[in-house]
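Asker: So here's protein.csv, just CSV, C-alpha atoms:
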chain,number,residue,atom,x,y,z
A,157,MET,CA,50.8,44.8,-35.0
A,158,ILE,CA,52.9,43.1,-37.7
A,159,SER,CA,56.5,44.0,-37.8
A,160,ILE,CA,58.0,44.0,-41.3
A,161,THR,CA,61.6,43.3,-41.6
A,162,TRP,CA,62.8,43.7,-45.2
A,163,ASN,CA,65.4,41.2,-46.3
A,164,MET,CA,66.1,38.9,-49.2
A,165,GLY,CA,63.4,36.5,-48.1
A,166,SER,CA,60.8,39.2,-47.8
A,167,PHE,CA,61.6,40.7,-51.2
A,168,LEU,CA,61.6,37.3,-53.0
A,169,SER,CA,58.5,36.2,-51.3
A,170,LEU,CA,56.5,39.2,-52.5
A,171,THR,CA,58.2,39.0,-55.9
A,172,GLY,CA,57.2,35.4,-56.2
A,173,LEU,CA,53.6,36.2,-55.1
A,174,ALA,CA,53.4,39.1,-57.6
A,175,PHE,CA,54.9,37.0,-60.5
A,176,GLY,CA,52.6,34.0,-59.8
A,177,LEU,CA,49.5,36.1,-59.5
A,178,CYS,CA,50.1,38.2,-62.6
A,179,CYS,CA,51.1,35.2,-64.7
A,180,SER,CA,48.2,33.0,-63.6
A,181,LEU,CA,45.7,35.8,-64.4
A,182,PHE,CA,47.4,36.5,-67.7
A,183,LEU,CA,47.2,32.8,-68.7
A,184,PHE,CA,43.6,32.6,-67.7
A,185,TYR,CA,42.9,35.7,-69.8
A,186,GLU,CA,44.7,34.1,-72.8
A,187,TRP,CA,42.7,30.9,-72.3
A,188,LEU,CA,39.4,32.9,-72.5
A,189,LYS,CA,40.8,34.9,-75.4
A,190,HIS,CA,41.4,31.8,-77.5
A,191,ARG,CA,37.8,30.6,-77.0
A,192,ARG,CA,38.8,28.2,-74.1
A,193,GLU,CA,40.4,25.8,-76.6
A,194,GLN,CA,44.0,25.9,-75.4
A,195,ARG,CA,43.7,23.9,-72.3
A,196,PHE,CA,47.4,24.0,-71.4
A,197,LEU,CA,46.9,27.7,-70.6
A,198,LEU,CA,44.2,26.9,-68.1
A,199,LEU,CA,46.2,24.0,-66.6
A,200,TRP,CA,49.3,26.3,-66.1
A,201,SER,CA,47.1,29.1,-64.7
A,202,ILE,CA,45.7,26.8,-62.1
A,203,SER,CA,49.1,25.3,-61.2
A,204,LEU,CA,50.7,28.7,-60.7
A,205,THR,CA,47.7,29.7,-58.5
A,206,LEU,CA,48.2,26.7,-56.3
A,207,PHE,CA,52.0,27.4,-56.1
A,208,TYR,CA,51.7,31.1,-55.0
A,209,ILE,CA,48.8,30.5,-52.6
A,210,PHE,CA,51.3,28.2,-50.7
A,211,LEU,CA,53.6,31.2,-50.2
A,212,ILE,CA,51.0,33.3,-48.3
A,213,PRO,CA,51.4,31.9,-44.8
A,214,PHE,CA,55.1,31.9,-45.1
A,215,ILE,CA,55.0,35.6,-46.1
A,216,GLN,CA,52.9,36.3,-43.0
A,217,VAL,CA,55.5,34.6,-40.8
A,218,ASN,CA,58.3,36.4,-42.5
A,219,PHE,CA,56.6,39.7,-41.7
A,220,GLY,CA,56.3,38.8,-38.0
A,221,GLU,CA,52.9,37.3,-37.7
A,222,THR,CA,52.6,34.3,-35.3
A,223,ILE,CA,51.0,31.1,-36.5
A,224,VAL,CA,50.3,28.3,-34.0
A,225,LEU,CA,51.2,24.7,-34.6
A,226,ALA,CA,47.5,23.7,-35.1
A,227,ASP,CA,47.2,26.2,-37.8
A,228,TRP,CA,50.2,24.8,-39.6
A,229,ASN,CA,48.8,21.3,-39.4
A,230,ASN,CA,45.5,22.5,-40.9
A,231,PHE,CA,47.3,24.4,-43.6
A,232,PHE,CA,49.5,21.4,-44.7
A,233,ILE,CA,46.6,18.9,-44.6
A,234,SER,CA,44.7,20.8,-47.3
A,235,THR,CA,47.6,22.3,-49.3
A,236,ILE,CA,50.2,19.6,-49.7
A,237,PRO,CA,48.0,17.5,-52.0
A,238,LEU,CA,47.0,20.6,-53.8
A,239,ILE,CA,50.6,21.5,-54.5
A,240,PHE,CA,51.0,18.0,-55.9
A,241,LEU,CA,47.9,18.6,-58.0
A,242,GLY,CA,49.5,21.8,-59.3
A,243,TRP,CA,52.6,19.9,-60.4
A,244,VAL,CA,50.4,17.3,-62.2
A,245,PHE,CA,48.5,20.1,-63.9
A,246,PHE,CA,51.8,21.6,-65.0
A,247,TYR,CA,53.0,18.3,-66.4
A,248,SER,CA,49.7,17.8,-68.1
A,249,GLY,CA,50.1,21.2,-69.8
A,250,ILE,CA,53.4,20.1,-71.3
A,251,ILE,CA,51.8,16.9,-72.5
A,252,GLN,CA,49.0,19.0,-74.1
A,253,ILE,CA,51.6,20.9,-76.1
A,254,LYS,CA,53.3,17.7,-77.2
A,255,THR,CA,49.9,16.3,-78.2
A,256,SER,CA,49.3,19.4,-80.4
A,257,THR,CA,52.5,18.8,-82.3
A,258,THR,CA,52.5,15.0,-82.6
A,259,GLY,CA,48.7,14.4,-82.8
A,260,GLU,CA,49.0,11.6,-80.2
A,261,LYS,CA,46.6,11.4,-77.3
A,262,SER,CA,46.7,9.2,-74.3
A,263,THR,CA,43.6,8.6,-72.3
A,264,LYS,CA,45.5,6.1,-70.2
A,265,LEU,CA,47.9,8.7,-69.0
A,266,THR,CA,45.0,11.0,-67.9
A,267,VAL,CA,43.5,8.2,-65.9
A,268,LEU,CA,46.8,7.3,-64.3
A,269,LEU,CA,47.5,10.9,-63.3
A,270,SER,CA,43.9,11.2,-61.9
A,271,PHE,CA,44.5,8.1,-59.7
A,272,TRP,CA,47.9,9.4,-58.6
A,273,VAL,CA,46.3,12.7,-57.5
A,274,LEU,CA,43.6,10.9,-55.7
A,275,ALA,CA,46.2,8.7,-54.0
A,276,SER,CA,48.0,11.8,-52.8
A,277,PHE,CA,44.9,13.2,-51.0
A,278,ILE,CA,44.3,9.8,-49.3
A,279,PHE,CA,48.0,9.4,-48.4
A,280,TYR,CA,48.3,12.9,-46.8
A,281,SER,CA,45.0,12.5,-45.0
A,282,PHE,CA,46.4,9.4,-43.4
A,283,ARG,CA,49.8,11.0,-42.9
A,284,PHE,CA,48.4,13.8,-40.7
A,285,SER,CA,46.2,11.4,-38.7
A,286,SER,CA,49.2,9.2,-37.9
A,287,ILE,CA,51.4,10.7,-35.1
A,288,GLU,CA,53.8,7.8,-34.7
A,289,TYR,CA,54.7,7.4,-38.4
A,290,GLY,CA,54.1,10.9,-39.5
A,291,LYS,CA,57.8,11.7,-40.1
A,292,LEU,CA,58.4,8.5,-42.1
A,293,LEU,CA,55.3,9.0,-44.1
A,294,SER,CA,56.4,12.6,-44.9
A,295,ILE,CA,59.7,11.3,-46.3
A,296,ILE,CA,57.9,8.6,-48.3
A,297,GLY,CA,55.4,11.1,-49.7
A,298,ILE,CA,58.1,13.4,-50.9
A,299,PHE,CA,59.7,10.6,-52.9
A,300,ILE,CA,56.6,8.9,-54.4
A,301,PHE,CA,54.7,12.1,-55.2
A,302,PHE,CA,56.9,15.2,-55.5
A,303,ILE,CA,60.3,13.9,-56.5
A,304,ALA,CA,58.6,11.5,-58.9
A,305,ILE,CA,56.5,14.2,-60.7
A,306,HIS,CA,59.5,16.4,-61.0
A,307,ILE,CA,61.4,13.7,-62.8
A,308,PHE,CA,58.5,13.2,-65.1
A,309,ILE,CA,58.4,16.9,-65.8
A,310,LEU,CA,62.1,17.1,-66.5
A,311,TYR,CA,61.8,14.1,-68.9
A,312,ALA,CA,58.9,15.8,-70.7
A,313,LEU,CA,60.9,19.0,-70.9
A,314,TRP,CA,63.8,17.3,-72.5
A,315,ASN,CA,61.6,15.6,-75.1
A,316,TRP,CA,59.9,19.0,-75.7
A,317,PHE,CA,63.3,20.7,-76.2
A,318,LYS,CA,64.5,18.0,-78.6
A,319,LEU,CA,61.3,18.3,-80.6
A,320,GLU,CA,61.4,22.1,-80.9
A,321,ARG,CA,65.1,23.1,-80.9
A,322,TRP,CA,65.5,22.7,-84.6
A,323,LYS,CA,63.1,25.7,-85.1
A,324,LYS,CA,65.8,27.9,-83.3
A,325,ILE,CA,63.2,30.1,-81.7
A,326,ARG,CA,65.2,31.9,-79.1
A,327,GLY,CA,62.2,32.8,-76.8
A,328,LEU,CA,60.8,29.3,-76.9
A,329,ASN,CA,64.2,27.6,-76.1
A,330,THR,CA,65.0,30.2,-73.4
A,331,GLY,CA,61.5,29.6,-71.9
A,332,ILE,CA,62.0,25.8,-71.7
A,333,ILE,CA,65.4,26.4,-70.1
A,334,PHE,CA,63.9,28.7,-67.5
A,335,ILE,CA,61.2,26.1,-66.7
A,336,ALA,CA,63.8,23.3,-66.4
A,337,GLY,CA,65.8,25.6,-64.1
A,338,ALA,CA,62.7,26.0,-61.9
A,339,ILE,CA,62.1,22.3,-61.7
A,340,THR,CA,65.8,21.7,-60.8
A,341,VAL,CA,65.6,24.3,-58.1
A,342,SER,CA,62.4,22.7,-56.8
A,343,ILE,CA,64.1,19.3,-56.6
A,344,ALA,CA,67.0,20.8,-54.6
A,345,ARG,CA,64.4,22.4,-52.3
A,346,TYR,CA,62.7,19.0,-51.6
A,347,LEU,CA,66.1,17.4,-51.0
A,348,LEU,CA,66.8,20.1,-48.4
A,349,VAL,CA,63.5,19.4,-46.8
A,350,LEU,CA,64.3,15.7,-46.7
A,351,ASN,CA,67.7,16.4,-45.1
A,352,SER,CA,66.1,18.5,-42.4
A,353,LEU,CA,63.3,16.0,-41.8
A,354,THR,CA,65.8,13.2,-41.1
A,355,ARG,CA,67.6,15.4,-38.5
A,356,LEU,CA,64.6,16.9,-36.6
A,357,PRO,CA,62.6,15.2,-33.9
A,358,ARG,CA,59.3,13.6,-35.0
A,359,ASP,CA,57.1,16.3,-33.3
A,360,PHE,CA,58.9,19.2,-35.0
A,361,TRP,CA,58.6,18.0,-38.6
A,362,PHE,CA,57.0,21.4,-39.7
A,363,LEU,CA,60.3,23.2,-38.9
A,364,SER,CA,61.8,21.4,-41.9
A,365,ILE,CA,59.6,23.7,-44.1
A,366,ALA,CA,58.7,26.7,-41.9
A,367,SER,CA,61.9,27.7,-40.2
A,368,PHE,CA,64.6,27.5,-42.9
A,369,ASP,CA,65.0,30.7,-44.9
A,370,ILE,CA,66.7,28.9,-47.9
A,371,VAL,CA,63.8,26.5,-48.3
A,372,PHE,CA,61.3,29.4,-48.3
A,373,ILE,CA,63.4,31.5,-50.7
A,374,LEU,CA,63.8,28.6,-53.1
A,375,ARG,CA,60.0,28.2,-53.3
A,376,SER,CA,59.8,31.9,-54.3
A,377,VAL,CA,62.5,31.4,-56.9
A,378,VAL,CA,60.7,28.4,-58.4
A,379,VAL,CA,57.5,30.4,-58.9
A,380,ILE,CA,59.5,33.3,-60.4
A,381,LEU,CA,61.4,31.1,-62.9
A,382,LEU,CA,58.2,29.2,-63.8
A,383,ALA,CA,56.3,32.4,-64.5
A,384,ILE,CA,59.1,33.8,-66.7
A,385,GLY,CA,59.5,30.5,-68.6
A,386,ILE,CA,55.7,30.1,-69.2
A,387,VAL,CA,55.3,33.6,-70.5
A,388,LEU,CA,58.3,33.0,-72.9
A,389,VAL,CA,56.9,29.7,-74.4
A,390,HIS,CA,53.2,30.0,-74.3
A,391,LYS,CA,52.8,32.4,-77.3
A,392,HIS,CA,54.5,30.0,-79.7
A,393,TYR,CA,51.7,27.5,-79.6
A,394,VAL,CA,48.3,27.6,-81.3
A,395,LEU,CA,46.7,24.4,-80.4
A,396,LYS,CA,44.1,22.6,-82.3
A,397,SER,CA,40.5,23.2,-81.4
A,398,GLY,CA,39.3,20.9,-78.6
A,399,ILE,CA,42.8,20.0,-77.3
Kindly transcribe the structure held in the file into structure tokens.
Answerer:
Amino acid sequence: MISITWNMGSFLSLTGLAFGLCCSLFLFYEWLKHRREQRFLLLWSISLTLFYIFLIPFIQVNFGETIVLADWNNFFISTIPLIFLGWVFFYSGIIQIKTSTTGEKSTKLTVLLSFWVLASFIFYSFRFSSIEYGKLLSIIGIFIFFIAIHIFILYALWNWFKLERWKKIRGLNTGIIFIAGAITVSIARYLLVLNSLTRLPRDFWFLSIASFDIVFILRSVVVILLAIGIVLVHKHYVLKSGI
């Protein structure tokens, strides 16, 4: 029997799950409504889905369910590259919006992002097959994949904000700020994970993510802020057919 203990972590985890689920379904509906032409809606819908699915096992643990180490390993092998894919999709959605306003398209960027995602799947497959260097590879992976894509997203958000701020649309500007806040919180979360990884024994790497309430809470906060920001900004863009 699962014992539910209500605390801030439990509340935020369920709130993050609800926000992520509702927002991803809403964006998917909007994509269908606009004749499947506004691809940034689909990209953001998929990215949010990948983010809130990641919350589910942590919610189970927070509510008292026991998950053995082998299950954690299997979970991370499949989901860590998918989380990175979610961030790449989110970044691509911002680029799609920028493309709609400037008319510039970059096939090279799409190819580079595809190879980057493929590299993440290969890297983490090797990381979880390497016991001796697993901890070091985890630290390297956070830098070359997650911290890096967050920096790209922040840079794209800054350019987006500079491009649109002259319109003085309060909802749009507020939405961009919410998204930037989510990315900043997410970077702080990864830095906390890195800090705990450097202090924990090699065989207990999973505790850097699974056993620290603040890391778990920040993941929920990221999903909530992203969902709010996306809802605020999405309605201000009517992209060209085929973008």
Asker: List every protein, DNA or RNA residue with an atom no more than 8 Å from (48.9, 26.2, -59.1) in the file's coordinates, counting only C-alpha atoms, and format the result as number ranges by chain.
Answerer: A: 200-209, 238-239, 241-243, 245
Asker: Do you have the atom CA of Ile212 of chain A-atom CA of Arg345 of chain A distance handy?
Answerer: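 Separating atom CA of Ile212 of chain A from atom CA of Arg345 of chain A is a distance of 17.7 Å.
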Asker: Restricting the calculation to only C-alpha atoms, which member of A:Phe302, A:Trp316, A:Phe271, A:Phe277 is positioned closest to Thr255 of chain A?
Answerer: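 Ranking A:Phe302, A:Trp316, A:Phe271, A:Phe277 by distance to Thr255 of chain A, first place goes to A:Trp316.
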Asker: Calculated over only C-alpha atoms, which of the candidates A:Trp187, A:Phe196, A:Phe210, A:Phe279 has the smallest distance to Gly172 of chain A?
Answerer: A:Phe210
Asker: Quick one, how far is atom CA of Glu320 of chain A from atom CA of Val273 of chain A?
Answerer: 29.4 Å
Asker: Find the spatial neighbours of segment 373-389 of chain A, counting only C-alpha atoms, within a cut-off of 6 Å - ignore same-chain residues fewer than 4 positions away - and output them as a list in words.
Answerer: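 The residues that qualify are Gly165, Leu168, Ser169, Gly172, Phe175, Cys179, Gly327, Leu328, Gly331, Phe334, Ile335 and Ala338 of chain A.
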Asker: Write the residues you've just listed into a file as an mmCIF file, in the frame of the given file, and include C-alpha atoms for each of them.
Answerer:
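Saved file part_17.cif follows:
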data_model
loop_
_atom_site.group_PDB
_atom_site.id
_atom_site.type_symbol
_atom_site.label_atom_id
_atom_site.label_comp_id
_atom_site.auth_asym_id
_atom_site.auth_seq_id
_atom_site.Cartn_x
_atom_site.Cartn_y
_atom_site.Cartn_z
ATOM 1 C CA GLY A 165 63.400 36.500 -48.100
ATOM 2 C CA LEU A 168 61.600 37.300 -53.000
ATOM 3 C CA SER A 169 58.500 36.200 -51.300
ATOM 4 C CA GLY A 172 57.200 35.400 -56.200
ATOM 5 C CA PHE A 175 54.900 37.000 -60.500
ATOM 6 C CA CYS A 179 51.100 35.200 -64.700
ATOM 7 C CA GLY A 327 62.200 32.800 -76.800
ATOM 8 C CA LEU A 328 60.800 29.300 -76.900
ATOM 9 C CA GLY A 331 61.500 29.600 -71.900
ATOM 10 C CA PHE A 334 63.900 28.700 -67.500
ATOM 11 C CA ILE A 335 61.200 26.100 -66.700
ATOM 12 C CA ALA A 338 62.700 26.000 -61.900
#
Asker: Compare A:Ile250, A:Leu188, A:Val341, A:Leu173 by their minimum atom-to-atom distance to Phe308 of chain A, counting all atoms listed in the file, and give me the closest one.
Answerer: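 Looking at the shortest contact to Phe308 of chain A, the residue is A:Ile250.
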Asker: Calculate how many Å separate atom CA of Phe232 of chain A from atom CA of Val349 of chain A, rounding to one decimal.
Answerer: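 It comes out at 14.3 Å.
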Asker: For segment 327-362 of chain A, which lacks atoms in the input, supply N, CA and C atoms and format the output as a compact mmCIF listing (two decimals), keeping the file's coordinate frame.
Answerer:
# COMPACT_ATOMS: atom_id res chain seq x y z
N GLY A 327 63.12 32.69 -77.98
CA GLY A 327 62.20 32.80 -76.80
C GLY A 327 61.70 31.51 -76.34
N LEU A 328 61.35 30.62 -77.26
CA LEU A 328 60.80 29.30 -76.90
C LEU A 328 61.90 28.49 -76.16
N ASN A 329 63.09 28.39 -76.73
CA ASN A 329 64.20 27.60 -76.10
C ASN A 329 64.57 28.18 -74.76
N THR A 330 64.61 29.52 -74.68
CA THR A 330 65.00 30.20 -73.40
C THR A 330 63.89 29.87 -72.35
N GLY A 331 62.62 29.89 -72.78
CA GLY A 331 61.50 29.60 -71.90
C GLY A 331 61.61 28.20 -71.30
N ILE A 332 61.90 27.22 -72.17
CA ILE A 332 62.00 25.80 -71.70
C ILE A 332 63.19 25.71 -70.72
N ILE A 333 64.28 26.42 -70.98
CA ILE A 333 65.40 26.40 -70.10
C ILE A 333 65.05 26.99 -68.71
N PHE A 334 64.30 28.09 -68.71
CA PHE A 334 63.90 28.70 -67.50
C PHE A 334 62.99 27.71 -66.66
N ILE A 335 62.08 27.03 -67.36
CA ILE A 335 61.20 26.10 -66.70
C ILE A 335 62.02 24.91 -66.13
N ALA A 336 62.97 24.41 -66.93
CA ALA A 336 63.80 23.30 -66.40
C ALA A 336 64.64 23.77 -65.23
N GLY A 337 65.08 25.02 -65.23
CA GLY A 337 65.80 25.60 -64.10
C GLY A 337 64.90 25.60 -62.84
N ALA A 338 63.64 25.99 -63.03
CA ALA A 338 62.70 26.00 -61.90
C ALA A 338 62.49 24.63 -61.33
N ILE A 339 62.36 23.62 -62.20
CA ILE A 339 62.10 22.30 -61.70
C ILE A 339 63.38 21.75 -60.99
N THR A 340 64.56 22.09 -61.49
CA THR A 340 65.80 21.70 -60.80
C THR A 340 65.92 22.31 -59.46
N VAL A 341 65.62 23.61 -59.35
CA VAL A 341 65.60 24.30 -58.10
C VAL A 341 64.63 23.67 -57.11
N SER A 342 63.46 23.32 -57.63
CA SER A 342 62.40 22.70 -56.80
C SER A 342 62.87 21.36 -56.25
N ILE A 343 63.55 20.57 -57.08
CA ILE A 343 64.10 19.30 -56.60
C ILE A 343 65.09 19.52 -55.49
N ALA A 344 65.98 20.51 -55.68
CA ALA A 344 67.00 20.80 -54.60
C ALA A 344 66.27 21.24 -53.35
N ARG A 345 65.18 21.97 -53.47
CA ARG A 345 64.40 22.40 -52.30
C ARG A 345 63.86 21.19 -51.54
N TYR A 346 63.29 20.24 -52.28
CA TYR A 346 62.70 19.00 -51.60
C TYR A 346 63.83 18.20 -50.98
N LEU A 347 64.99 18.18 -51.59
CA LEU A 347 66.10 17.40 -51.00
C LEU A 347 66.55 18.09 -49.68
N LEU A 348 66.52 19.42 -49.63
CA LEU A 348 66.80 20.10 -48.40
C LEU A 348 65.80 19.82 -47.30
N VAL A 349 64.54 19.78 -47.72
CA VAL A 349 63.50 19.40 -46.80
C VAL A 349 63.68 18.01 -46.24
N LEU A 350 64.01 17.08 -47.14
CA LEU A 350 64.30 15.70 -46.70
C LEU A 350 65.44 15.64 -45.73
N ASN A 351 66.49 16.39 -46.01
CA ASN A 351 67.70 16.40 -45.10
C ASN A 351 67.30 16.88 -43.73
N SER A 352 66.51 17.96 -43.67
CA SER A 352 66.10 18.50 -42.40
C SER A 352 65.12 17.57 -41.66
N LEU A 353 64.27 16.90 -42.43
CA LEU A 353 63.30 16.00 -41.80
C LEU A 353 64.02 14.82 -41.12
N THR A 354 65.10 14.34 -41.70
CA THR A 354 65.80 13.20 -41.10
C THR A 354 66.55 13.61 -39.83
N ARG A 355 66.81 14.90 -39.63
CA ARG A 355 67.60 15.40 -38.50
C ARG A 355 66.71 15.90 -37.35
N LEU A 356 65.47 16.29 -37.65
CA LEU A 356 64.60 16.90 -36.60
C LEU A 356 63.83 15.84 -35.87
N PRO A 357 63.49 16.13 -34.61
CA PRO A 357 62.60 15.20 -33.90
C PRO A 357 61.27 15.07 -34.55
N ARG A 358 60.59 13.96 -34.30
CA ARG A 358 59.30 13.60 -35.00
C ARG A 358 58.29 14.74 -34.81
N ASP A 359 58.18 15.31 -33.60
CA ASP A 359 57.10 16.30 -33.30
C ASP A 359 57.39 17.65 -33.92
N PHE A 360 58.58 17.85 -34.47
CA PHE A 360 58.90 19.20 -35.00
C PHE A 360 59.15 19.10 -36.53
N TRP A 361 58.42 18.20 -37.21
CA TRP A 361 58.60 18.00 -38.60
C TRP A 361 58.32 19.31 -39.42
N PHE A 362 57.37 20.16 -38.93
CA PHE A 362 57.00 21.40 -39.70
C PHE A 362 58.14 22.35 -39.78
